[in-house]
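*Asks:* File target03.tsv below, TSV, N, CA and C atoms:
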chain	number	residue	atom	x	y	z
S	711	MET	N	5.06	11.98	-14.89
S	711	MET	CA	5.61	10.73	-14.42
S	711	MET	C	4.47	9.85	-13.90
S	712	VAL	N	4.35	8.67	-14.44
S	712	VAL	CA	3.29	7.75	-14.06
S	712	VAL	C	3.88	6.63	-13.23
S	713	CYS	N	3.31	6.43	-12.05
S	713	CYS	CA	3.76	5.34	-11.18
S	713	CYS	C	2.77	4.19	-11.32
S	714	THR	N	3.28	2.99	-11.53
S	714	THR	CA	2.43	1.82	-11.61
S	714	THR	C	2.91	0.78	-10.63
S	715	LYS	N	1.98	0.10	-10.01
S	715	LYS	CA	2.32	-0.97	-9.08
S	715	LYS	C	2.57	-2.25	-9.86
S	716	THR	N	3.64	-2.92	-9.55
S	716	THR	CA	3.92	-4.21	-10.16
S	716	THR	C	4.18	-5.22	-9.06
S	717	ASN	N	3.87	-6.47	-9.34
S	717	ASN	CA	4.16	-7.51	-8.37
S	717	ASN	C	5.55	-8.07	-8.64
S	718	GLU	N	5.91	-9.15	-7.95
S	718	GLU	CA	7.26	-9.68	-8.09
S	718	GLU	C	7.54	-10.23	-9.48
S	719	LYS	N	6.52	-10.58	-10.24
S	719	LYS	CA	6.71	-11.06	-11.61
S	719	LYS	C	6.78	-9.91	-12.61
S	720	GLY	N	6.54	-8.71	-12.17
S	720	GLY	CA	6.59	-7.56	-13.05
S	720	GLY	C	5.30	-7.28	-13.78
S	721	GLU	N	4.23	-8.00	-13.45
S	721	GLU	CA	2.95	-7.76	-14.10
S	721	GLU	C	2.25	-6.58	-13.44
S	722	LYS	N	1.64	-5.76	-14.24
S	722	LYS	CA	0.89	-4.63	-13.70
S	722	LYS	C	-0.44	-5.12	-13.18
S	723	MET	N	-0.96	-4.44	-12.17
S	723	MET	CA	-2.23	-4.84	-11.59
S	723	MET	C	-3.37	-4.68	-12.60
S	724	LEU	N	-3.28	-3.69	-13.46
S	724	LEU	CA	-4.33	-3.51	-14.47
S	724	LEU	C	-4.34	-4.66	-15.47
S	725	ASP	N	-3.17	-5.23	-15.73
S	725	ASP	CA	-3.12	-6.39	-16.62
S	725	ASP	C	-3.84	-7.58	-16.01
S	726	LYS	N	-3.73	-7.72	-14.69
S	726	LYS	CA	-4.45	-8.80	-14.03
S	726	LYS	C	-5.96	-8.58	-14.10
S	727	ILE	N	-6.39	-7.33	-13.94
S	727	ILE	CA	-7.82	-7.03	-14.03
S	727	ILE	C	-8.32	-7.26	-15.45
S	728	LYS	N	-7.51	-6.90	-16.43
S	728	LYS	CA	-7.91	-7.08	-17.83
S	728	LYS	C	-7.93	-8.55	-18.24
S	729	SER	N	-7.26	-9.40	-17.47
S	729	SER	CA	-7.22	-10.82	-17.84
S	729	SER	C	-8.51	-11.56	-17.47
S	730	PHE	N	-9.38	-10.94	-16.66
S	730	PHE	CA	-10.66	-11.57	-16.33
S	730	PHE	C	-11.52	-11.68	-17.58
S	731	PRO	N	-12.29	-12.76	-17.70
S	731	PRO	CA	-13.26	-12.82	-18.81
S	731	PRO	C	-14.31	-11.72	-18.66
S	732	GLU	N	-14.92	-11.37	-19.78
S	732	GLU	CA	-15.85	-10.22	-19.81
S	732	GLU	C	-17.01	-10.37	-18.84
S	733	LYS	N	-17.70	-11.50	-18.90
S	733	LYS	CA	-18.88	-11.68	-18.06
S	733	LYS	C	-18.50	-11.79	-16.59
S	734	SER	N	-17.42	-12.47	-16.30
S	734	SER	CA	-16.99	-12.61	-14.90
S	734	SER	C	-16.61	-11.26	-14.31
S	735	ALA	N	-15.90	-10.45	-15.07
S	735	ALA	CA	-15.49	-9.14	-14.58
S	735	ALA	C	-16.71	-8.27	-14.29
S	736	PHE	N	-17.70	-8.32	-15.18
S	736	PHE	CA	-18.90	-7.52	-14.96
S	736	PHE	C	-19.67	-7.99	-13.73
S	737	VAL	N	-19.84	-9.30	-13.59
S	737	VAL	CA	-20.59	-9.84	-12.46
S	737	VAL	C	-19.88	-9.54	-11.14
S	738	ILE	N	-18.57	-9.72	-11.10
S	738	ILE	CA	-17.81	-9.44	-9.87
S	738	ILE	C	-17.89	-7.96	-9.53
S	739	GLY	N	-17.69	-7.09	-10.52
S	739	GLY	CA	-17.75	-5.65	-10.28
S	739	GLY	C	-19.11	-5.19	-9.82
S	740	PHE	N	-20.15	-5.71	-10.47
S	740	PHE	CA	-21.52	-5.32	-10.11
S	740	PHE	C	-21.88	-5.82	-8.71
S	741	SER	N	-21.49	-7.04	-8.38
S	741	SER	CA	-21.79	-7.56	-7.05
S	741	SER	C	-21.00	-6.83	-5.97
S	742	LEU	N	-19.78	-6.41	-6.28
S	742	LEU	CA	-19.03	-5.60	-5.31
S	742	LEU	C	-19.74	-4.28	-5.03
S	743	ILE	N	-20.26	-3.66	-6.07
S	743	ILE	CA	-20.96	-2.39	-5.89
S	743	ILE	C	-22.25	-2.59	-5.09
S	744	LEU	N	-22.94	-3.69	-5.32
S	744	LEU	CA	-24.21	-3.92	-4.62
S	744	LEU	C	-24.03	-4.38	-3.18
S	745	PHE	N	-23.10	-5.30	-2.93
S	745	PHE	CA	-23.04	-5.95	-1.62
S	745	PHE	C	-21.99	-5.41	-0.67
S	746	SER	N	-20.99	-4.71	-1.17
S	746	SER	CA	-19.96	-4.21	-0.25
S	746	SER	C	-20.49	-3.15	0.72
S	747	PRO	N	-21.39	-2.24	0.33
S	747	PRO	CA	-21.91	-1.30	1.32
S	747	PRO	C	-22.68	-1.99	2.44
S	748	ILE	N	-23.42	-3.04	2.09
S	748	ILE	CA	-24.18	-3.76	3.11
S	748	ILE	C	-23.24	-4.45	4.09
S	749	LEU	N	-22.24	-5.13	3.55
S	749	LEU	CA	-21.29	-5.83	4.41
S	749	LEU	C	-20.49	-4.88	5.28
S	750	LEU	N	-20.08	-3.76	4.72
S	750	LEU	CA	-19.31	-2.80	5.51
S	750	LEU	C	-20.18	-2.10	6.55
S	751	PHE	N	-21.47	-1.92	6.25
S	751	PHE	CA	-22.37	-1.37	7.25
S	751	PHE	C	-22.51	-2.33	8.43
S	752	LEU	N	-22.68	-3.61	8.12
S	752	LEU	CA	-22.78	-4.60	9.19
S	752	LEU	C	-21.48	-4.69	9.98
S	753	LEU	N	-20.36	-4.54	9.31
S	753	LEU	CA	-19.07	-4.54	9.99
S	753	LEU	C	-18.94	-3.34	10.91
S	754	SER	N	-19.44	-2.20	10.49
S	754	SER	CA	-19.36	-1.00	11.32
S	754	SER	C	-20.24	-1.10	12.56
S	755	LEU	N	-21.31	-1.91	12.46
S	755	LEU	CA	-22.14	-2.13	13.64
S	755	LEU	C	-21.44	-3.01	14.68
S	756	LEU	N	-20.64	-3.95	14.19
S	756	LEU	CA	-19.96	-4.87	15.09
S	756	LEU	C	-18.72	-4.26	15.74
S	757	ALA	N	-18.01	-3.44	15.00
S	757	ALA	CA	-16.76	-2.89	15.52
S	757	ALA	C	-16.70	-1.40	15.21
S	758	SER	N	-16.06	-0.67	16.08
S	758	SER	CA	-15.89	0.76	15.87
S	758	SER	C	-14.58	0.99	15.11
S	759	VAL	N	-14.69	1.15	13.81
S	759	VAL	CA	-13.50	1.31	12.99
S	759	VAL	C	-13.39	2.71	12.39
S	760	GLY	N	-14.42	3.51	12.48
S	760	GLY	CA	-14.36	4.92	12.09
S	760	GLY	C	-14.06	5.16	10.63
S	761	LYS	N	-12.98	5.89	10.37
S	761	LYS	CA	-12.64	6.33	9.03
S	761	LYS	C	-12.17	5.19	8.14
S	762	TRP	N	-11.78	4.08	8.71
S	762	TRP	CA	-11.29	2.96	7.92
S	762	TRP	C	-12.38	2.40	7.01
S	763	ILE	N	-13.62	2.48	7.43
S	763	ILE	CA	-14.73	1.99	6.61
S	763	ILE	C	-14.80	2.77	5.30
S	764	VAL	N	-14.61	4.07	5.38
S	764	VAL	CA	-14.67	4.90	4.17
S	764	VAL	C	-13.50	4.56	3.24
S	765	ILE	N	-12.33	4.35	3.80
S	765	ILE	CA	-11.16	4.02	2.99
S	765	ILE	C	-11.34	2.66	2.32
S	766	ILE	N	-11.82	1.68	3.08
S	766	ILE	CA	-12.04	0.35	2.52
S	766	ILE	C	-13.11	0.40	1.43
S	767	GLN	N	-14.17	1.15	1.67
S	767	GLN	CA	-15.25	1.28	0.68
S	767	GLN	C	-14.73	1.93	-0.60
S	768	ALA	N	-13.90	2.93	-0.48
S	768	ALA	CA	-13.35	3.59	-1.66
S	768	ALA	C	-12.47	2.64	-2.47
S	769	ILE	N	-11.68	1.83	-1.80
S	769	ILE	CA	-10.83	0.86	-2.50
S	769	ILE	C	-11.68	-0.18	-3.21
S	770	ILE	N	-12.70	-0.70	-2.53
S	770	ILE	CA	-13.57	-1.71	-3.12
S	770	ILE	C	-14.32	-1.14	-4.32
S	771	LEU	N	-14.84	0.07	-4.19
S	771	LEU	CA	-15.56	0.68	-5.32
S	771	LEU	C	-14.62	0.97	-6.49
S	772	GLY	N	-13.39	1.37	-6.20
S	772	GLY	CA	-12.42	1.60	-7.27
S	772	GLY	C	-12.12	0.33	-8.04
S	773	ILE	N	-11.93	-0.78	-7.34
S	773	ILE	CA	-11.69	-2.06	-8.01
S	773	ILE	C	-12.92	-2.49	-8.81
S	774	ALA	N	-14.11	-2.29	-8.24
S	774	ALA	CA	-15.34	-2.66	-8.94
S	774	ALA	C	-15.51	-1.86	-10.22
S	775	ILE	N	-15.22	-0.58	-10.16
S	775	ILE	CA	-15.34	0.26	-11.36
S	775	ILE	C	-14.34	-0.17	-12.42
S	776	LEU	N	-13.11	-0.51	-12.00
S	776	LEU	CA	-12.12	-0.99	-12.97
S	776	LEU	C	-12.57	-2.29	-13.63
S	777	LEU	N	-13.18	-3.19	-12.86
S	777	LEU	CA	-13.67	-4.45	-13.43
S	777	LEU	C	-14.79	-4.21	-14.44
S	778	ILE	N	-15.71	-3.33	-14.10
S	778	ILE	CA	-16.84	-3.04	-15.00
S	778	ILE	C	-16.35	-2.34	-16.26
S	779	LEU	N	-15.43	-1.41	-16.13
S	779	LEU	CA	-14.89	-0.73	-17.30
S	779	LEU	C	-14.10	-1.68	-18.19
S	780	SER	N	-13.39	-2.61	-17.58
S	780	SER	CA	-12.66	-3.61	-18.36
S	780	SER	C	-13.63	-4.48	-19.15
S	781	ALA	N	-14.73	-4.89	-18.51
S	781	ALA	CA	-15.73	-5.71	-19.21
S	781	ALA	C	-16.37	-4.92	-20.35
S	782	ALA	N	-16.66	-3.65	-20.11
S	782	ALA	CA	-17.25	-2.82	-21.16
S	782	ALA	C	-16.29	-2.62	-22.33
S	783	ASP	N	-15.01	-2.47	-22.03
S	783	ASP	CA	-14.00	-2.30	-23.07
S	783	ASP	C	-13.88	-3.57	-23.92
S	784	LYS	N	-13.91	-4.72	-23.27
S	784	LYS	CA	-13.84	-5.98	-24.01
S	784	LYS	C	-15.07	-6.18	-24.88
S	785	ARG	N	-16.23	-5.82	-24.35
S	785	ARG	CA	-17.46	-5.96	-25.14
S	785	ARG	C	-17.44	-5.02	-26.33
S	786	TYR	N	-16.98	-3.80	-26.12
S	786	TYR	CA	-16.91	-2.82	-27.21
S	786	TYR	C	-15.93	-3.29	-28.27
S	787	ALA	N	-14.81	-3.87	-27.86
S	787	ALA	CA	-13.81	-4.35	-28.81
S	787	ALA	C	-14.34	-5.57	-29.57
S	788	ARG	N	-15.11	-6.42	-28.89
S	788	ARG	CA	-15.65	-7.62	-29.52
S	788	ARG	C	-16.72	-7.26	-30.54
S	789	LYS	N	-17.59	-6.31	-30.19
S	789	LYS	CA	-18.68	-5.91	-31.08
S	789	LYS	C	-18.17	-5.06	-32.25
S	790	GLY	N	-17.00	-4.50	-32.08
S	790	GLY	CA	-16.47	-3.59	-33.10
S	790	GLY	C	-16.96	-2.19	-32.82
S	791	ASN	N	-16.31	-1.25	-33.38
S	791	ASN	CA	-16.69	0.14	-33.12
S	791	ASN	C	-17.48	0.70	-34.31
S	792	THR	N	-18.49	-0.02	-34.72
S	792	THR	CA	-19.37	0.47	-35.78
S	792	THR	C	-20.41	1.41	-35.20
S	793	LYS	N	-20.77	2.40	-35.97
S	793	LYS	CA	-21.74	3.38	-35.48
S	793	LYS	C	-23.03	3.29	-36.24
Before anything else, please render the file you have as structure tokens.
*Replies:*
Amino acid sequence: MVCTKTNEKGEKMLDKIKSFPEKSAFVIGFSLILFSPILLFLLSLLASVGKWIVIIQAIILGIAILLILSAADKRYARKGNTK
């Protein structure tokens, strides 16, 4: 049994991620991977949030990986699957 999150319009969240253009998805995903640890480190210095930092970081990295994989899939489909 597969559970999927849908919004009030019935669109799946993965469909929204796949709707990003290829280059934008890659740039957003890559910048999330590069800059989110720095920002969350600075946030942890300002406030004592403990385990929440790890949870937030995991969510951000998960979204970033989905964006990068979506961009790679679009590029692979555009180039064709020739070997």
*Asks:* Which residues come within 7 Å of Leu750 in chain S, counting all atoms listed in the file, excluding same-chain residues fewer than 5 positions away, as a compact mmCIF listing (two decimals) with N, CA and C atoms, in the coordinates of the input?
*Replies:*
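Output file out_26.txt is given in full below:
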# COMPACT_ATOMS: atom_id res chain seq x y z
N PHE S 745 -23.10 -5.30 -2.93
CA PHE S 745 -23.04 -5.95 -1.62
C PHE S 745 -21.99 -5.41 -0.67
N LEU S 755 -21.31 -1.91 12.46
CA LEU S 755 -22.14 -2.13 13.64
C LEU S 755 -21.44 -3.01 14.68
N ILE S 763 -13.62 2.48 7.43
CA ILE S 763 -14.73 1.99 6.61
C ILE S 763 -14.80 2.77 5.30
*Asks:* Could you tell me which of S:Ile765, S:Ile748, S:Met723, S:Ile738 comes closest to Ala781 in chain S if we count only C-alpha atoms?
*Replies:* S:Ile738
*Asks:* May I have the residues within 7 Å of range 726-731 of chain S as a list in words, using only N, CA and C atoms and disregarding those fewer than 6 positions away in the same chain?
*Replies:*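 What passes the distance filter is Leu776, Leu777, Ser780 and Ala781 of chain S.
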*Asks:* In Å, rounded to a single decimal, give me how far atom C of Val737 in chain S is from atom C of Arg788 in chain S.
*Replies:*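 Taking atom C of Arg788 in chain S as the start and atom C of Val737 in chain S as the end point, the length is 19.8 Å.
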*Asks:* Have a look at CA of Ile775 in chain S and CA of Lys722 in chain S and let me know their distance in Å, one decimal.
*Replies:*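 Those two atoms sit 17.1 Å apart.
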*Asks:* Would you save range 756-792 of chain S to a file, keeping N, CA and C atoms, as a PDB file, in the first residue's frame?
*Replies:*
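To be explicit, this is the file written out as decode02.pdb:
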ATOM      1  N   LEU S 756      22.162  30.511  17.348  1.00  0.00           N
ATOM      2  CA  LEU S 756      21.284  31.540  17.884  1.00  0.00           C
ATOM      3  C   LEU S 756      20.244  30.988  18.864  1.00  0.00           C
ATOM      4  N   ALA S 757      19.755  29.807  18.595  1.00  0.00           N
ATOM      5  CA  ALA S 757      18.697  29.248  19.428  1.00  0.00           C
ATOM      6  C   ALA S 757      19.003  27.785  19.735  1.00  0.00           C
ATOM      7  N   SER S 758      18.588  27.355  20.880  1.00  0.00           N
ATOM      8  CA  SER S 758      18.774  25.959  21.267  1.00  0.00           C
ATOM      9  C   SER S 758      17.555  25.157  20.820  1.00  0.00           C
ATOM     10  N   VAL S 759      17.685  24.512  19.677  1.00  0.00           N
ATOM     11  CA  VAL S 759      16.560  23.762  19.132  1.00  0.00           C
ATOM     12  C   VAL S 759      16.799  22.256  19.141  1.00  0.00           C
ATOM     13  N   GLY S 760      17.995  21.818  19.421  1.00  0.00           N
ATOM     14  CA  GLY S 760      18.286  20.398  19.617  1.00  0.00           C
ATOM     15  C   GLY S 760      18.033  19.518  18.411  1.00  0.00           C
ATOM     16  N   LYS S 761      17.171  18.530  18.591  1.00  0.00           N
ATOM     17  CA  LYS S 761      16.926  17.516  17.572  1.00  0.00           C
ATOM     18  C   LYS S 761      16.171  18.063  16.368  1.00  0.00           C
ATOM     19  N   TRP S 762      15.524  19.194  16.506  1.00  0.00           N
ATOM     20  CA  TRP S 762      14.755  19.751  15.400  1.00  0.00           C
ATOM     21  C   TRP S 762      15.650  20.124  14.226  1.00  0.00           C
ATOM     22  N   ILE S 763      16.879  20.500  14.501  1.00  0.00           N
ATOM     23  CA  ILE S 763      17.811  20.846  13.432  1.00  0.00           C
ATOM     24  C   ILE S 763      18.054  19.642  12.525  1.00  0.00           C
ATOM     25  N   VAL S 764      18.205  18.477  13.124  1.00  0.00           N
ATOM     26  CA  VAL S 764      18.447  17.265  12.343  1.00  0.00           C
ATOM     27  C   VAL S 764      17.222  16.925  11.498  1.00  0.00           C
ATOM     28  N   ILE S 765      16.042  17.071  12.061  1.00  0.00           N
ATOM     29  CA  ILE S 765      14.812  16.773  11.326  1.00  0.00           C
ATOM     30  C   ILE S 765      14.633  17.752  10.169  1.00  0.00           C
ATOM     31  N   ILE S 766      14.860  19.034  10.425  1.00  0.00           N
ATOM     32  CA  ILE S 766      14.733  20.039   9.370  1.00  0.00           C
ATOM     33  C   ILE S 766      15.762  19.787   8.270  1.00  0.00           C
ATOM     34  N   GLN S 767      16.981  19.459   8.653  1.00  0.00           N
ATOM     35  CA  GLN S 767      18.040  19.186   7.675  1.00  0.00           C
ATOM     36  C   GLN S 767      17.684  17.971   6.817  1.00  0.00           C
ATOM     37  N   ALA S 768      17.132  16.945   7.416  1.00  0.00           N
ATOM     38  CA  ALA S 768      16.746  15.756   6.660  1.00  0.00           C
ATOM     39  C   ALA S 768      15.645  16.075   5.650  1.00  0.00           C
ATOM     40  N   ILE S 769      14.691  16.890   6.038  1.00  0.00           N
ATOM     41  CA  ILE S 769      13.612  17.271   5.123  1.00  0.00           C
ATOM     42  C   ILE S 769      14.155  18.098   3.969  1.00  0.00           C
ATOM     43  N   ILE S 770      15.019  19.057   4.271  1.00  0.00           N
ATOM     44  CA  ILE S 770      15.598  19.906   3.229  1.00  0.00           C
ATOM     45  C   ILE S 770      16.449  19.083   2.266  1.00  0.00           C
ATOM     46  N   LEU S 771      17.265  18.179   2.798  1.00  0.00           N
ATOM     47  CA  LEU S 771      18.096  17.340   1.921  1.00  0.00           C
ATOM     48  C   LEU S 771      17.240  16.398   1.075  1.00  0.00           C
ATOM     49  N   GLY S 772      16.157  15.893   1.638  1.00  0.00           N
ATOM     50  CA  GLY S 772      15.254  15.035   0.868  1.00  0.00           C
ATOM     51  C   GLY S 772      14.633  15.775  -0.301  1.00  0.00           C
ATOM     52  N   ILE S 773      14.181  17.001  -0.070  1.00  0.00           N
ATOM     53  CA  ILE S 773      13.611  17.803  -1.151  1.00  0.00           C
ATOM     54  C   ILE S 773      14.678  18.139  -2.189  1.00  0.00           C
ATOM     55  N   ALA S 774      15.889  18.457  -1.736  1.00  0.00           N
ATOM     56  CA  ALA S 774      16.975  18.781  -2.657  1.00  0.00           C
ATOM     57  C   ALA S 774      17.323  17.586  -3.539  1.00  0.00           C
ATOM     58  N   ILE S 775      17.366  16.417  -2.950  1.00  0.00           N
ATOM     59  CA  ILE S 775      17.676  15.211  -3.730  1.00  0.00           C
ATOM     60  C   ILE S 775      16.584  14.935  -4.750  1.00  0.00           C
ATOM     61  N   LEU S 776      15.313  15.133  -4.358  1.00  0.00           N
ATOM     62  CA  LEU S 776      14.222  14.943  -5.312  1.00  0.00           C
ATOM     63  C   LEU S 776      14.318  15.927  -6.477  1.00  0.00           C
ATOM     64  N   LEU S 777      14.689  17.174  -6.195  1.00  0.00           N
ATOM     65  CA  LEU S 777      14.834  18.162  -7.265  1.00  0.00           C
ATOM     66  C   LEU S 777      15.966  17.792  -8.219  1.00  0.00           C
ATOM     67  N   ILE S 778      17.088  17.358  -7.678  1.00  0.00           N
ATOM     68  CA  ILE S 778      18.231  16.987  -8.523  1.00  0.00           C
ATOM     69  C   ILE S 778      17.914  15.741  -9.341  1.00  0.00           C
ATOM     70  N   LEU S 779      17.264  14.773  -8.748  1.00  0.00           N
ATOM     71  CA  LEU S 779      16.898  13.568  -9.496  1.00  0.00           C
ATOM     72  C   LEU S 779      15.873  13.869 -10.583  1.00  0.00           C
ATOM     73  N   SER S 780      14.960  14.780 -10.307  1.00  0.00           N
ATOM     74  CA  SER S 780      13.995  15.189 -11.319  1.00  0.00           C
ATOM     75  C   SER S 780      14.695  15.855 -12.496  1.00  0.00           C
ATOM     76  N   ALA S 781      15.666  16.729 -12.206  1.00  0.00           N
ATOM     77  CA  ALA S 781      16.422  17.392 -13.273  1.00  0.00           C
ATOM     78  C   ALA S 781      17.219  16.371 -14.083  1.00  0.00           C
ATOM     79  N   ALA S 782      17.819  15.408 -13.405  1.00  0.00           N
ATOM     80  CA  ALA S 782      18.588  14.382 -14.106  1.00  0.00           C
ATOM     81  C   ALA S 782      17.686  13.518 -14.986  1.00  0.00           C
ATOM     82  N   ASP S 783      16.490  13.213 -14.502  1.00  0.00           N
ATOM     83  CA  ASP S 783      15.545  12.421 -15.275  1.00  0.00           C
ATOM     84  C   ASP S 783      15.096  13.172 -16.525  1.00  0.00           C
ATOM     85  N   LYS S 784      14.840  14.460 -16.385  1.00  0.00           N
ATOM     86  CA  LYS S 784      14.439  15.257 -17.547  1.00  0.00           C
ATOM     87  C   LYS S 784      15.570  15.354 -18.563  1.00  0.00           C
ATOM     88  N   ARG S 785      16.788  15.508 -18.076  1.00  0.00           N
ATOM     89  CA  ARG S 785      17.932  15.596 -18.990  1.00  0.00           C
ATOM     90  C   ARG S 785      18.135  14.267 -19.711  1.00  0.00           C
ATOM     91  N   TYR S 786      17.995  13.177 -18.989  1.00  0.00           N
ATOM     92  CA  TYR S 786      18.158  11.850 -19.594  1.00  0.00           C
ATOM     93  C   TYR S 786      17.072  11.612 -20.636  1.00  0.00           C
ATOM     94  N   ALA S 787      15.848  12.039 -20.347  1.00  0.00           N
ATOM     95  CA  ALA S 787      14.748  11.857 -21.296  1.00  0.00           C
ATOM     96  C   ALA S 787      14.938  12.749 -22.519  1.00  0.00           C
ATOM     97  N   ARG S 788      15.478  13.953 -22.320  1.00  0.00           N
ATOM     98  CA  ARG S 788      15.691  14.878 -23.434  1.00  0.00           C
ATOM     99  C   ARG S 788      16.800  14.382 -24.344  1.00  0.00           C
ATOM    100  N   LYS S 789      17.888  13.880 -23.758  1.00  0.00           N
ATOM    101  CA  LYS S 789      19.025  13.400 -24.545  1.00  0.00           C
ATOM    102  C   LYS S 789      18.726  12.066 -25.220  1.00  0.00           C
ATOM    103  N   GLY S 790      17.742  11.373 -24.709  1.00  0.00           N
ATOM    104  CA  GLY S 790      17.447  10.037 -25.226  1.00  0.00           C
ATOM    105  C   GLY S 790      18.276   9.021 -24.484  1.00  0.00           C
ATOM    106  N   ASN S 791      17.872   7.810 -24.551  1.00  0.00           N
ATOM    107  CA  ASN S 791      18.599   6.775 -23.818  1.00  0.00           C
ATOM    108  C   ASN S 791      19.483   5.971 -24.775  1.00  0.00           C
ATOM    109  N   THR S 792      20.274   6.667 -25.549  1.00  0.00           N
ATOM    110  CA  THR S 792      21.229   5.997 -26.434  1.00  0.00           C
ATOM    111  C   THR S 792      22.479   5.634 -25.657  1.00  0.00           C
TER     112      THR S 792
END
